[in-house]
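For reference, entry_16.cif (mmCIF, C-alpha atoms):
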```
data_upload
loop_
_atom_site.label_atom_id
_atom_site.label_comp_id
_atom_site.auth_asym_id
_atom_site.auth_seq_id
_atom_site.Cartn_x
_atom_site.Cartn_y
_atom_site.Cartn_z
CA MET A 249 -67.37 33.29 -72.76
CA HIS A 250 -70.51 31.60 -73.76
CA LEU A 251 -70.48 29.01 -76.43
CA ILE A 252 -73.62 28.76 -78.47
CA ARG A 253 -73.94 25.39 -80.10
CA TYR A 254 -73.63 25.53 -83.84
CA GLN A 255 -76.85 24.57 -85.48
CA ALA A 256 -76.51 22.79 -88.78
CA PRO A 257 -78.76 24.14 -91.50
CA ASP A 258 -81.70 22.03 -92.39
CA LEU A 259 -80.56 19.83 -95.26
CA ALA A 260 -83.87 18.12 -95.95
CA PRO A 261 -84.96 18.32 -99.59
CA TRP A 262 -86.95 21.43 -100.10
CA SER A 263 -90.43 20.93 -101.37
CA ALA A 264 -93.56 22.98 -101.51
CA ALA A 265 -95.20 20.92 -98.76
CA ASP A 266 -92.20 21.27 -96.45
CA ARG A 267 -92.16 24.94 -97.00
CA TRP A 268 -95.28 25.60 -94.97
CA SER A 269 -94.46 23.19 -92.20
CA ASN A 270 -91.01 24.73 -91.87
CA LEU A 271 -92.50 28.15 -91.69
CA ARG A 272 -94.89 26.99 -89.02
CA ASN A 273 -92.09 25.42 -87.00
CA GLU A 274 -90.08 28.55 -87.25
CA LEU A 275 -92.95 30.67 -86.09
CA ASN A 276 -93.58 28.30 -83.20
CA SER A 277 -89.98 28.40 -82.09
CA PHE A 278 -90.11 32.15 -82.26
CA PHE A 279 -92.94 32.26 -79.76
CA GLU A 280 -91.16 29.82 -77.48
CA MET A 281 -88.17 32.06 -77.07
CA PRO A 282 -87.78 33.31 -73.52
CA PHE A 283 -88.54 36.88 -74.37
CA SER A 284 -90.01 38.01 -71.11
CA SER A 285 -87.04 36.86 -69.09
CA SER A 286 -84.43 38.26 -71.39
CA PHE A 287 -86.00 41.58 -72.12
CA GLY A 288 -83.60 44.45 -72.00
CA ARG A 289 -80.45 42.41 -71.50
CA PRO A 290 -78.48 41.70 -74.61
CA GLY A 291 -76.84 38.34 -74.96
CA GLN A 292 -79.41 36.60 -72.84
CA LEU A 293 -81.83 35.66 -75.53
CA PHE A 294 -80.46 32.20 -76.17
CA THR A 295 -78.56 31.55 -73.01
CA GLY A 296 -80.99 32.40 -70.27
CA TRP A 297 -79.39 34.09 -67.36
CA SER A 298 -75.84 35.15 -67.99
CA PRO A 299 -74.24 36.93 -65.04
CA ALA A 300 -71.51 39.52 -65.59
CA LEU A 301 -68.01 38.17 -65.15
CA ASP A 302 -64.77 40.07 -64.71
CA LEU A 303 -61.37 38.44 -64.92
CA TYR A 304 -58.18 39.83 -63.43
CA GLU A 305 -54.60 38.72 -63.32
CA SER A 306 -52.90 39.80 -60.15
CA GLY A 307 -49.45 38.59 -59.23
CA ASP A 308 -49.56 34.86 -58.65
CA ASN A 309 -53.33 34.62 -58.96
CA VAL A 310 -56.03 34.78 -61.55
CA VAL A 311 -59.19 36.28 -60.03
CA ALA A 312 -62.71 35.89 -61.41
CA VAL A 313 -65.43 38.20 -60.07
CA VAL A 314 -69.04 37.28 -60.90
CA GLU A 315 -72.18 39.26 -60.09
CA LEU A 316 -74.67 36.83 -58.62
CA PRO A 317 -77.20 38.79 -56.59
CA GLY A 318 -79.66 37.02 -54.34
CA MET A 319 -78.22 33.54 -54.34
CA ARG A 320 -77.39 31.08 -51.65
CA LYS A 321 -73.83 29.88 -51.25
CA GLU A 322 -74.95 26.27 -51.54
CA ASP A 323 -76.52 26.88 -54.94
CA ILE A 324 -73.29 27.98 -56.62
CA ASP A 325 -71.05 25.40 -58.30
CA ILE A 326 -67.52 26.13 -59.39
CA SER A 327 -65.60 23.67 -61.51
CA LEU A 328 -62.31 23.69 -63.33
CA HIS A 329 -61.66 21.52 -66.30
CA ASP A 330 -58.91 21.71 -68.91
CA GLY A 331 -58.11 25.33 -68.17
CA THR A 332 -61.74 26.39 -68.33
CA LEU A 333 -63.46 27.77 -65.28
CA THR A 334 -67.18 27.06 -65.15
CA ILE A 335 -69.52 28.70 -62.70
CA SER A 336 -73.03 27.34 -62.64
CA GLY A 337 -75.94 27.27 -60.30
CA GLU A 338 -79.57 27.81 -59.77
CA ARG A 339 -81.37 30.80 -58.41
CA LYS A 340 -84.46 29.82 -56.55
CA ARG A 341 -87.40 31.92 -55.73
CA GLU A 342 -88.81 31.52 -52.29
CA GLY A 343 -92.38 31.69 -51.12
CA THR A 344 -94.45 32.03 -54.25
CA ASN A 345 -97.74 31.23 -52.57
CA GLY A 346 -100.54 33.58 -53.39
CA GLU A 347 -98.23 36.01 -55.11
CA LYS A 348 -98.88 37.69 -58.36
CA ALA A 349 -95.94 38.95 -60.33
CA GLN A 350 -96.56 42.45 -61.65
CA ARG A 351 -93.30 43.09 -63.33
CA THR A 352 -90.53 40.61 -63.87
CA GLU A 353 -87.13 41.53 -65.13
CA ARG A 354 -85.02 39.23 -63.06
CA TYR A 355 -84.16 35.80 -64.24
CA VAL A 356 -84.76 32.82 -62.01
CA GLY A 357 -83.41 29.40 -62.80
CA THR A 358 -80.16 27.84 -63.82
CA PHE A 359 -77.19 29.61 -65.31
CA ARG A 360 -73.82 28.53 -66.58
CA ARG A 361 -70.79 30.66 -67.32
CA SER A 362 -67.52 29.35 -68.69
CA ILE A 363 -64.31 31.21 -69.30
CA THR A 364 -60.97 30.02 -70.59
CA LEU A 365 -58.22 30.94 -68.17
CA PRO A 366 -55.17 32.72 -69.55
CA THR A 367 -52.68 30.52 -67.69
CA HIS A 368 -52.46 27.17 -65.98
CA VAL A 369 -53.78 27.26 -62.46
CA ASP A 370 -53.33 24.99 -59.48
CA ALA A 371 -56.73 23.32 -59.29
CA GLY A 372 -56.11 22.09 -55.76
CA LYS A 373 -55.70 25.60 -54.31
CA VAL A 374 -58.71 27.38 -55.79
CA GLY A 375 -60.64 29.40 -53.24
CA ALA A 376 -63.90 31.32 -53.45
CA THR A 377 -65.87 33.83 -51.41
CA TYR A 378 -69.46 35.02 -51.80
CA GLN A 379 -70.33 38.36 -50.27
CA ASP A 380 -72.90 41.05 -51.09
CA GLY A 381 -73.98 39.09 -54.14
CA ILE A 382 -70.49 39.00 -55.60
CA LEU A 383 -68.65 35.74 -56.12
CA LYS A 384 -64.89 36.02 -56.11
CA VAL A 385 -62.88 33.01 -57.24
CA ILE A 386 -59.16 33.09 -56.58
CA LEU A 387 -57.15 30.72 -58.74
CA PRO A 388 -53.45 30.49 -57.88
CA LYS A 389 -51.25 30.08 -60.91
CA ALA A 390 -49.54 26.76 -61.39
CA GLU A 391 -45.83 26.67 -60.62
CA GLU A 392 -44.85 26.40 -64.28
CA ALA A 393 -46.89 29.49 -65.15
CA LYS A 394 -45.27 31.76 -62.56
CA PRO A 395 -42.51 34.04 -63.75
CA LYS A 396 -39.12 32.68 -62.81
CA GLN A 397 -35.72 34.23 -62.67
CA VAL A 398 -32.87 32.12 -63.85
CA LYS A 399 -29.48 32.91 -62.44
CA VAL A 400 -26.50 32.80 -64.70
CA ASN A 401 -23.72 30.80 -63.17
CA MET B 29 -99.44 49.49 -58.19
CA ASN B 30 -98.34 51.87 -60.81
CA THR B 31 -94.91 50.60 -61.67
CA LEU B 32 -94.11 53.02 -64.40
CA THR B 33 -90.44 53.66 -64.26
CA ARG B 34 -89.57 57.22 -64.87
CA GLU B 35 -87.36 57.81 -67.82
CA THR B 36 -84.51 59.15 -65.84
CA ARG B 37 -81.82 58.83 -68.44
CA GLU B 38 -81.99 62.47 -69.53
CA ALA B 39 -81.96 63.69 -65.98
CA ASP B 40 -79.04 61.46 -65.13
CA ARG B 41 -76.97 62.73 -67.98
CA ALA B 42 -77.23 66.25 -66.66
CA GLN B 43 -75.96 65.19 -63.27
CA ALA B 44 -72.33 64.52 -62.60
CA GLU B 45 -73.02 61.00 -61.44
CA GLN B 46 -73.94 58.25 -63.83
CA PHE B 47 -76.19 55.40 -62.79
CA THR B 48 -77.16 52.11 -64.23
CA THR B 49 -80.69 50.67 -64.01
CA PRO B 50 -80.77 47.35 -62.16
CA PRO B 51 -83.36 44.67 -62.93
CA ALA B 52 -86.33 44.68 -60.59
CA TRP B 53 -89.20 42.42 -59.69
CA VAL B 54 -92.57 43.58 -58.42
CA THR B 55 -94.86 41.05 -56.79
CA GLU B 56 -98.25 41.53 -55.22
CA ILE B 57 -98.47 39.80 -51.88
CA GLY B 58 -101.49 39.68 -49.62
CA ASP B 59 -101.74 43.17 -48.20
CA GLY B 60 -99.14 44.89 -50.30
CA TYR B 61 -96.34 44.61 -52.75
CA MET B 62 -92.86 43.23 -52.71
CA LEU B 63 -90.15 44.94 -54.68
CA GLU B 64 -86.90 43.14 -55.37
CA ILE B 65 -83.97 44.89 -57.00
CA GLU B 66 -80.65 43.37 -57.95
CA MET B 67 -77.74 45.37 -56.64
CA PRO B 68 -74.66 43.17 -56.48
CA GLY B 69 -71.77 44.67 -54.53
CA VAL B 70 -73.97 47.02 -52.48
CA LYS B 71 -73.74 46.83 -48.71
CA LYS B 72 -76.33 48.00 -46.21
CA ASP B 73 -74.69 51.41 -45.73
CA GLY B 74 -74.41 51.93 -49.48
CA LEU B 75 -78.16 51.82 -49.85
CA GLU B 76 -80.14 55.04 -50.00
CA ILE B 77 -83.90 54.87 -50.19
CA SER B 78 -85.97 58.04 -50.41
CA PHE B 79 -89.61 58.82 -50.91
CA GLU B 80 -90.66 62.14 -52.30
CA ASN B 81 -93.67 63.30 -54.30
CA ASN B 82 -95.05 59.78 -54.43
CA GLU B 83 -91.84 58.58 -56.00
CA LEU B 84 -89.70 55.94 -54.39
CA THR B 85 -86.03 56.17 -55.32
CA ILE B 86 -83.51 53.48 -54.51
CA ILE B 87 -79.84 54.25 -54.95
CA GLY B 88 -77.22 51.62 -54.33
CA ARG B 89 -73.58 52.59 -54.08
CA ARG B 90 -71.19 49.79 -54.66
CA SER B 91 -68.24 48.91 -52.56
CA LEU B 92 -66.66 46.37 -54.82
CA PRO B 93 -63.87 44.23 -53.51
CA ALA B 94 -60.68 45.81 -54.74
CA VAL B 95 -58.75 43.53 -57.02
CA GLU B 96 -55.25 44.57 -57.79
CA GLY B 97 -53.74 43.57 -61.05
CA THR B 98 -54.46 43.64 -64.72
CA LEU B 99 -57.99 43.48 -65.96
CA LEU B 100 -58.26 40.80 -68.63
CA HIS B 101 -61.97 40.74 -69.28
CA ARG B 102 -64.77 42.95 -68.07
CA GLU B 103 -68.53 42.65 -68.27
CA SER B 104 -69.64 44.42 -65.12
CA ARG B 105 -70.54 48.08 -65.18
CA PRO B 106 -68.74 50.54 -62.95
CA GLU B 107 -71.73 52.79 -62.26
CA ASN B 108 -73.83 52.77 -59.14
CA PHE B 109 -77.44 51.64 -59.26
CA ARG B 110 -80.50 53.83 -59.33
CA ARG B 111 -84.12 52.89 -59.75
CA ALA B 112 -87.23 54.98 -59.27
CA PHE B 113 -90.83 53.86 -58.95
CA GLU B 114 -93.98 55.87 -58.87
CA LEU B 115 -96.12 54.49 -56.10
CA ASP B 116 -99.81 53.91 -56.06
CA PRO B 117 -101.57 56.14 -53.51
CA SER B 118 -102.89 53.01 -51.79
CA ILE B 119 -99.43 52.29 -50.41
CA ASP B 120 -98.70 53.37 -46.88
CA ALA B 121 -95.35 55.12 -47.35
CA ASP B 122 -94.66 55.24 -43.62
CA LYS B 123 -94.63 51.47 -43.40
CA ILE B 124 -92.22 50.72 -46.21
CA SER B 125 -89.46 48.45 -44.99
CA ALA B 126 -86.29 47.35 -46.74
CA LYS B 127 -83.54 44.80 -46.37
CA ILE B 128 -80.54 43.76 -48.38
CA ASP B 129 -79.19 40.26 -48.55
CA GLN B 130 -76.43 39.13 -50.91
CA GLY B 131 -76.92 42.06 -53.22
CA LEU B 132 -80.67 41.68 -53.47
CA VAL B 133 -82.73 44.57 -52.10
CA THR B 134 -86.18 43.57 -50.90
CA LEU B 135 -88.73 46.27 -50.12
CA THR B 136 -92.08 45.57 -48.56
CA LEU B 137 -94.75 48.08 -49.47
CA PRO B 138 -97.90 47.54 -47.40
CA LYS B 139 -101.21 48.91 -48.51
CA ALA B 140 -102.77 51.61 -46.36
CA GLU B 141 -105.37 50.50 -43.85
CA HIS B 142 -108.19 52.36 -45.58
CA VAL B 143 -107.86 50.40 -48.82
CA LYS B 144 -107.70 46.95 -47.25
CA PRO B 145 -110.87 44.91 -47.42
CA ARG B 146 -112.55 44.84 -44.07
CA LYS B 147 -115.45 43.15 -42.48
CA ILE B 148 -118.05 45.23 -40.79
CA ALA B 149 -119.53 43.64 -37.75
CA VAL B 150 -123.26 43.71 -37.50
CA SER B 151 -124.30 45.02 -34.16
#
```

Would you mind writing the structure in this file as structure tokens?
Amino acid sequence: MHLIRYQAPDLAPWSAADRWSNLRNELNSFFEMPFSSSFGRPGQLFTGWSPALDLYESGDNVVAVVELPGMRKEDIDISLHDGTLTISGERKREGTNGEKAQRTERYVGTFRRSITLPTHVDAGKVGATYQDGILKVILPKAEEAKPKQVKVN
Amino acid sequence: MNTLTRETREADRAQAEQFTTPPAWVTEIGDGYMLEIEMPGVKKDGLEISFENNELTIIGRRSLPAVEGTLLHRESRPENFRRAFELDPSIDADKISAKIDQGLVTLTLPKAEHVKPRKIAVS
């Protein structure tokens, strides 16, 4: 899930002169928002490109499935830190010479997705495949997270 | 190119099959247009491209990798993809070519010979 950094409210003393400069700054930041790239996709406004992520728990594995169409394997980074899986990367656009974009709905550039895993996983055994624009990360559960049967002696 | 997307939502609702609209990218290149559509999870044989009444329709049927187990979190949509474009008459429909690579459909729409700028040799 995406974390949006908390922005502290402006605590500067409020005065009539500040009022107009604040308003101007706010209007400026409004125009700087990446509207064209985020049009029509909720949740993208502040985070840029945010690919869809599905998370499954199957037997001894936790499986993350991410929709990443049109990427190269080399441009995808997967990292695991403190029980949080982060998938990041950059989508590049090739051959933009003499081209004129007529309609752009796709997002090009960097993305970052993080998700907190439900159980401990064995970081050393994580595997991933990328096929048909779908990234599948298989995270085997750590030994202590697997269900165990205890025999009564 | 006239890239007006038909409002197909009403029509889709009437049909049994539901589709989702994938993001697309239209670029003008030299002698034609390039159309890129995001269809993650669609393989070559799941792609259906048709051209009728000056309307180009691209349908992508997904063959998602089956994951057994409990779903914990879901953001992806289960529907197949459908996108329709009304083409400019200057496009040579017979020469449209398509490819799919890592869930990205790329269509090349060349302009017809008669609309290309040409030089007339002086005899």

So which residues get picked by the PyMOL selection byres ((chain B and resi 83) around 7) here, written as a PyMOL selection string?
chain B and resi 79-82+84-85+112-115

Got a sec: who's within 7 Å of A:Glu315, counting only C-alpha atoms, leaving out chain neighbours fewer than 2 positions off, as an MDAnalysis selection string?
(chainID A and resid 299:301 313 317 381:383) or (chainID B and resid 68)

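Atom to atom, atom CA of A:Asp308 and atom CA of A:Glu322 stand 27.7 Å apart.
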
Selection dump of the PyMOL selection byres ((chain B) within 10 of (chain A)), as a PDB file with C-alpha atoms, keeping the file's coordinate frame:
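Final file, expr_5.pdb:
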```pdb
ATOM      1  CA  MET B  29     -99.440  49.490 -58.190  1.00  0.00           C
ATOM      2  CA  ASN B  30     -98.340  51.870 -60.810  1.00  0.00           C
ATOM      3  CA  THR B  31     -94.910  50.600 -61.670  1.00  0.00           C
ATOM      4  CA  PRO B  50     -80.770  47.350 -62.160  1.00  0.00           C
ATOM      5  CA  PRO B  51     -83.360  44.670 -62.930  1.00  0.00           C
ATOM      6  CA  ALA B  52     -86.330  44.680 -60.590  1.00  0.00           C
ATOM      7  CA  TRP B  53     -89.200  42.420 -59.690  1.00  0.00           C
ATOM      8  CA  VAL B  54     -92.570  43.580 -58.420  1.00  0.00           C
ATOM      9  CA  THR B  55     -94.860  41.050 -56.790  1.00  0.00           C
ATOM     10  CA  GLU B  56     -98.250  41.530 -55.220  1.00  0.00           C
ATOM     11  CA  ILE B  57     -98.470  39.800 -51.880  1.00  0.00           C
ATOM     12  CA  GLY B  58    -101.490  39.680 -49.620  1.00  0.00           C
ATOM     13  CA  TYR B  61     -96.340  44.610 -52.750  1.00  0.00           C
ATOM     14  CA  MET B  62     -92.860  43.230 -52.710  1.00  0.00           C
ATOM     15  CA  LEU B  63     -90.150  44.940 -54.680  1.00  0.00           C
ATOM     16  CA  GLU B  64     -86.900  43.140 -55.370  1.00  0.00           C
ATOM     17  CA  ILE B  65     -83.970  44.890 -57.000  1.00  0.00           C
ATOM     18  CA  GLU B  66     -80.650  43.370 -57.950  1.00  0.00           C
ATOM     19  CA  MET B  67     -77.740  45.370 -56.640  1.00  0.00           C
ATOM     20  CA  PRO B  68     -74.660  43.170 -56.480  1.00  0.00           C
ATOM     21  CA  GLY B  69     -71.770  44.670 -54.530  1.00  0.00           C
ATOM     22  CA  VAL B  70     -73.970  47.020 -52.480  1.00  0.00           C
ATOM     23  CA  LYS B  71     -73.740  46.830 -48.710  1.00  0.00           C
ATOM     24  CA  LYS B  72     -76.330  48.000 -46.210  1.00  0.00           C
ATOM     25  CA  ARG B  90     -71.190  49.790 -54.660  1.00  0.00           C
ATOM     26  CA  SER B  91     -68.240  48.910 -52.560  1.00  0.00           C
ATOM     27  CA  LEU B  92     -66.660  46.370 -54.820  1.00  0.00           C
ATOM     28  CA  PRO B  93     -63.870  44.230 -53.510  1.00  0.00           C
ATOM     29  CA  VAL B  95     -58.750  43.530 -57.020  1.00  0.00           C
ATOM     30  CA  GLU B  96     -55.250  44.570 -57.790  1.00  0.00           C
ATOM     31  CA  GLY B  97     -53.740  43.570 -61.050  1.00  0.00           C
ATOM     32  CA  THR B  98     -54.460  43.640 -64.720  1.00  0.00           C
ATOM     33  CA  LEU B  99     -57.990  43.480 -65.960  1.00  0.00           C
ATOM     34  CA  LEU B 100     -58.260  40.800 -68.630  1.00  0.00           C
ATOM     35  CA  HIS B 101     -61.970  40.740 -69.280  1.00  0.00           C
ATOM     36  CA  ARG B 102     -64.770  42.950 -68.070  1.00  0.00           C
ATOM     37  CA  GLU B 103     -68.530  42.650 -68.270  1.00  0.00           C
ATOM     38  CA  SER B 104     -69.640  44.420 -65.120  1.00  0.00           C
ATOM     39  CA  ARG B 105     -70.540  48.080 -65.180  1.00  0.00           C
ATOM     40  CA  ILE B 128     -80.540  43.760 -48.380  1.00  0.00           C
ATOM     41  CA  ASP B 129     -79.190  40.260 -48.550  1.00  0.00           C
ATOM     42  CA  GLN B 130     -76.430  39.130 -50.910  1.00  0.00           C
ATOM     43  CA  GLY B 131     -76.920  42.060 -53.220  1.00  0.00           C
ATOM     44  CA  LEU B 132     -80.670  41.680 -53.470  1.00  0.00           C
ATOM     45  CA  VAL B 133     -82.730  44.570 -52.100  1.00  0.00           C
ATOM     46  CA  THR B 134     -86.180  43.570 -50.900  1.00  0.00           C
TER      47      THR B 134
END
```

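The residues caught by the PyMOL selection byres ((chain B and resi 108-110) around 7) in this file are Phe47, Thr48, Thr49, Pro50, Met67, Ile86, Ile87, Gly88, Arg89, Arg90, Pro106, Glu107, Arg111 and Ala112 of chain B.
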
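Closest approach to B:Ala121 from the set B:Pro145, B:Gly74, B:Pro138, B:Gly60 is made by B:Pro138, with distances taken over all atoms listed in the file.
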
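Here atom CA of A:Ile386 stands at a distance of 11.1 Å from atom CA of A:Leu333.
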
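Across the model, the gap from atom CA of A:Leu387 to atom CA of A:Lys373 is 6.9 Å.
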
Grab all the atoms of stretch 119-133 of chain B that the file lists, wrap them in a box along x, y and z, add 3 Å per side, and give me centre plus edge lengths in Å (one decimal) as lines of an AutoDock Vina configuration file.
```
center_x = -87.9
center_y = 47.2
center_z = -48.4
size_x = 29.0
size_y = 22.1
size_z = 16.1
```

Where atoms are lacking, stretch 44-73 of chain B completed to N, CA and C atoms, as a PDB file, in the coordinates of the input:
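Okay, this is what ended up in out.pdb:
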```pdb
ATOM      1  N   ALA B  44     -73.722  64.936 -62.475  1.00  0.00           N
ATOM      2  CA  ALA B  44     -72.330  64.520 -62.600  1.00  0.00           C
ATOM      3  C   ALA B  44     -72.216  63.007 -62.475  1.00  0.00           C
ATOM      4  N   GLU B  45     -73.131  62.425 -61.700  1.00  0.00           N
ATOM      5  CA  GLU B  45     -73.020  61.000 -61.440  1.00  0.00           C
ATOM      6  C   GLU B  45     -73.853  60.177 -62.424  1.00  0.00           C
ATOM      7  N   GLN B  46     -73.254  59.136 -62.894  1.00  0.00           N
ATOM      8  CA  GLN B  46     -73.940  58.250 -63.830  1.00  0.00           C
ATOM      9  C   GLN B  46     -74.437  57.014 -63.066  1.00  0.00           C
ATOM     10  N   PHE B  47     -75.630  56.576 -63.430  1.00  0.00           N
ATOM     11  CA  PHE B  47     -76.190  55.400 -62.790  1.00  0.00           C
ATOM     12  C   PHE B  47     -76.563  54.362 -63.828  1.00  0.00           C
ATOM     13  N   THR B  48     -76.671  53.154 -63.367  1.00  0.00           N
ATOM     14  CA  THR B  48     -77.160  52.110 -64.230  1.00  0.00           C
ATOM     15  C   THR B  48     -78.471  51.590 -63.630  1.00  0.00           C
ATOM     16  N   THR B  49     -79.381  51.114 -64.478  1.00  0.00           N
ATOM     17  CA  THR B  49     -80.690  50.670 -64.010  1.00  0.00           C
ATOM     18  C   THR B  49     -80.647  49.165 -63.709  1.00  0.00           C
ATOM     19  N   PRO B  50     -80.822  48.785 -62.472  1.00  0.00           N
ATOM     20  CA  PRO B  50     -80.770  47.350 -62.160  1.00  0.00           C
ATOM     21  C   PRO B  50     -82.114  46.667 -62.439  1.00  0.00           C
ATOM     22  N   PRO B  51     -82.102  45.375 -62.728  1.00  0.00           N
ATOM     23  CA  PRO B  51     -83.360  44.670 -62.930  1.00  0.00           C
ATOM     24  C   PRO B  51     -84.171  44.599 -61.629  1.00  0.00           C
ATOM     25  N   ALA B  52     -85.468  44.690 -61.770  1.00  0.00           N
ATOM     26  CA  ALA B  52     -86.330  44.680 -60.590  1.00  0.00           C
ATOM     27  C   ALA B  52     -87.483  43.698 -60.779  1.00  0.00           C
ATOM     28  N   TRP B  53     -88.114  43.394 -59.689  1.00  0.00           N
ATOM     29  CA  TRP B  53     -89.200  42.420 -59.690  1.00  0.00           C
ATOM     30  C   TRP B  53     -90.278  42.955 -58.758  1.00  0.00           C
ATOM     31  N   VAL B  54     -91.472  43.102 -59.252  1.00  0.00           N
ATOM     32  CA  VAL B  54     -92.570  43.580 -58.420  1.00  0.00           C
ATOM     33  C   VAL B  54     -93.582  42.455 -58.265  1.00  0.00           C
ATOM     34  N   THR B  55     -93.920  42.133 -57.041  1.00  0.00           N
ATOM     35  CA  THR B  55     -94.860  41.050 -56.790  1.00  0.00           C
ATOM     36  C   THR B  55     -95.948  41.555 -55.844  1.00  0.00           C
ATOM     37  N   GLU B  56     -97.170  41.153 -56.118  1.00  0.00           N
ATOM     38  CA  GLU B  56     -98.250  41.530 -55.220  1.00  0.00           C
ATOM     39  C   GLU B  56     -98.396  40.425 -54.189  1.00  0.00           C
ATOM     40  N   ILE B  57     -98.323  40.796 -52.938  1.00  0.00           N
ATOM     41  CA  ILE B  57     -98.470  39.800 -51.880  1.00  0.00           C
ATOM     42  C   ILE B  57     -99.545  40.277 -50.921  1.00  0.00           C
ATOM     43  N   GLY B  58    -100.450  39.416 -50.623  1.00  0.00           N
ATOM     44  CA  GLY B  58    -101.490  39.680 -49.620  1.00  0.00           C
ATOM     45  C   GLY B  58    -101.882  41.141 -49.520  1.00  0.00           C
ATOM     46  N   ASP B  59    -101.341  41.809 -48.508  1.00  0.00           N
ATOM     47  CA  ASP B  59    -101.740  43.170 -48.200  1.00  0.00           C
ATOM     48  C   ASP B  59    -100.787  44.222 -48.748  1.00  0.00           C
ATOM     49  N   GLY B  60    -100.056  43.882 -49.772  1.00  0.00           N
ATOM     50  CA  GLY B  60     -99.140  44.890 -50.300  1.00  0.00           C
ATOM     51  C   GLY B  60     -98.341  44.360 -51.474  1.00  0.00           C
ATOM     52  N   TYR B  61     -97.205  44.973 -51.637  1.00  0.00           N
ATOM     53  CA  TYR B  61     -96.340  44.610 -52.750  1.00  0.00           C
ATOM     54  C   TYR B  61     -94.937  44.323 -52.248  1.00  0.00           C
ATOM     55  N   MET B  62     -94.254  43.494 -53.020  1.00  0.00           N
ATOM     56  CA  MET B  62     -92.860  43.230 -52.710  1.00  0.00           C
ATOM     57  C   MET B  62     -92.041  43.665 -53.912  1.00  0.00           C
ATOM     58  N   LEU B  63     -91.000  44.390 -53.628  1.00  0.00           N
ATOM     59  CA  LEU B  63     -90.150  44.940 -54.680  1.00  0.00           C
ATOM     60  C   LEU B  63     -88.750  44.380 -54.478  1.00  0.00           C
ATOM     61  N   GLU B  64     -88.243  43.694 -55.486  1.00  0.00           N
ATOM     62  CA  GLU B  64     -86.900  43.140 -55.370  1.00  0.00           C
ATOM     63  C   GLU B  64     -86.014  43.770 -56.446  1.00  0.00           C
ATOM     64  N   ILE B  65     -84.872  44.236 -56.059  1.00  0.00           N
ATOM     65  CA  ILE B  65     -83.970  44.890 -57.000  1.00  0.00           C
ATOM     66  C   ILE B  65     -82.572  44.287 -56.842  1.00  0.00           C
ATOM     67  N   GLU B  66     -81.983  43.975 -57.969  1.00  0.00           N
ATOM     68  CA  GLU B  66     -80.650  43.370 -57.950  1.00  0.00           C
ATOM     69  C   GLU B  66     -79.573  44.432 -57.852  1.00  0.00           C
ATOM     70  N   MET B  67     -78.828  44.410 -56.792  1.00  0.00           N
ATOM     71  CA  MET B  67     -77.740  45.370 -56.640  1.00  0.00           C
ATOM     72  C   MET B  67     -76.502  44.656 -56.115  1.00  0.00           C
ATOM     73  N   PRO B  68     -75.842  43.885 -56.956  1.00  0.00           N
ATOM     74  CA  PRO B  68     -74.660  43.170 -56.480  1.00  0.00           C
ATOM     75  C   PRO B  68     -73.540  44.124 -56.099  1.00  0.00           C
ATOM     76  N   GLY B  69     -72.899  43.846 -54.983  1.00  0.00           N
ATOM     77  CA  GLY B  69     -71.770  44.670 -54.530  1.00  0.00           C
ATOM     78  C   GLY B  69     -72.187  45.823 -53.646  1.00  0.00           C
ATOM     79  N   VAL B  70     -73.493  45.932 -53.334  1.00  0.00           N
ATOM     80  CA  VAL B  70     -73.970  47.020 -52.480  1.00  0.00           C
ATOM     81  C   VAL B  70     -74.135  46.474 -51.062  1.00  0.00           C
ATOM     82  N   LYS B  71     -73.572  47.205 -50.106  1.00  0.00           N
ATOM     83  CA  LYS B  71     -73.740  46.830 -48.710  1.00  0.00           C
ATOM     84  C   LYS B  71     -74.869  47.668 -48.116  1.00  0.00           C
ATOM     85  N   LYS B  72     -75.227  47.322 -46.879  1.00  0.00           N
ATOM     86  CA  LYS B  72     -76.330  48.000 -46.210  1.00  0.00           C
ATOM     87  C   LYS B  72     -76.122  49.522 -46.169  1.00  0.00           C
ATOM     88  N   ASP B  73     -74.914  49.961 -45.841  1.00  0.00           N
ATOM     89  CA  ASP B  73     -74.690  51.410 -45.730  1.00  0.00           C
ATOM     90  C   ASP B  73     -74.552  52.099 -47.093  1.00  0.00           C
TER      91      ASP B  73
END
```
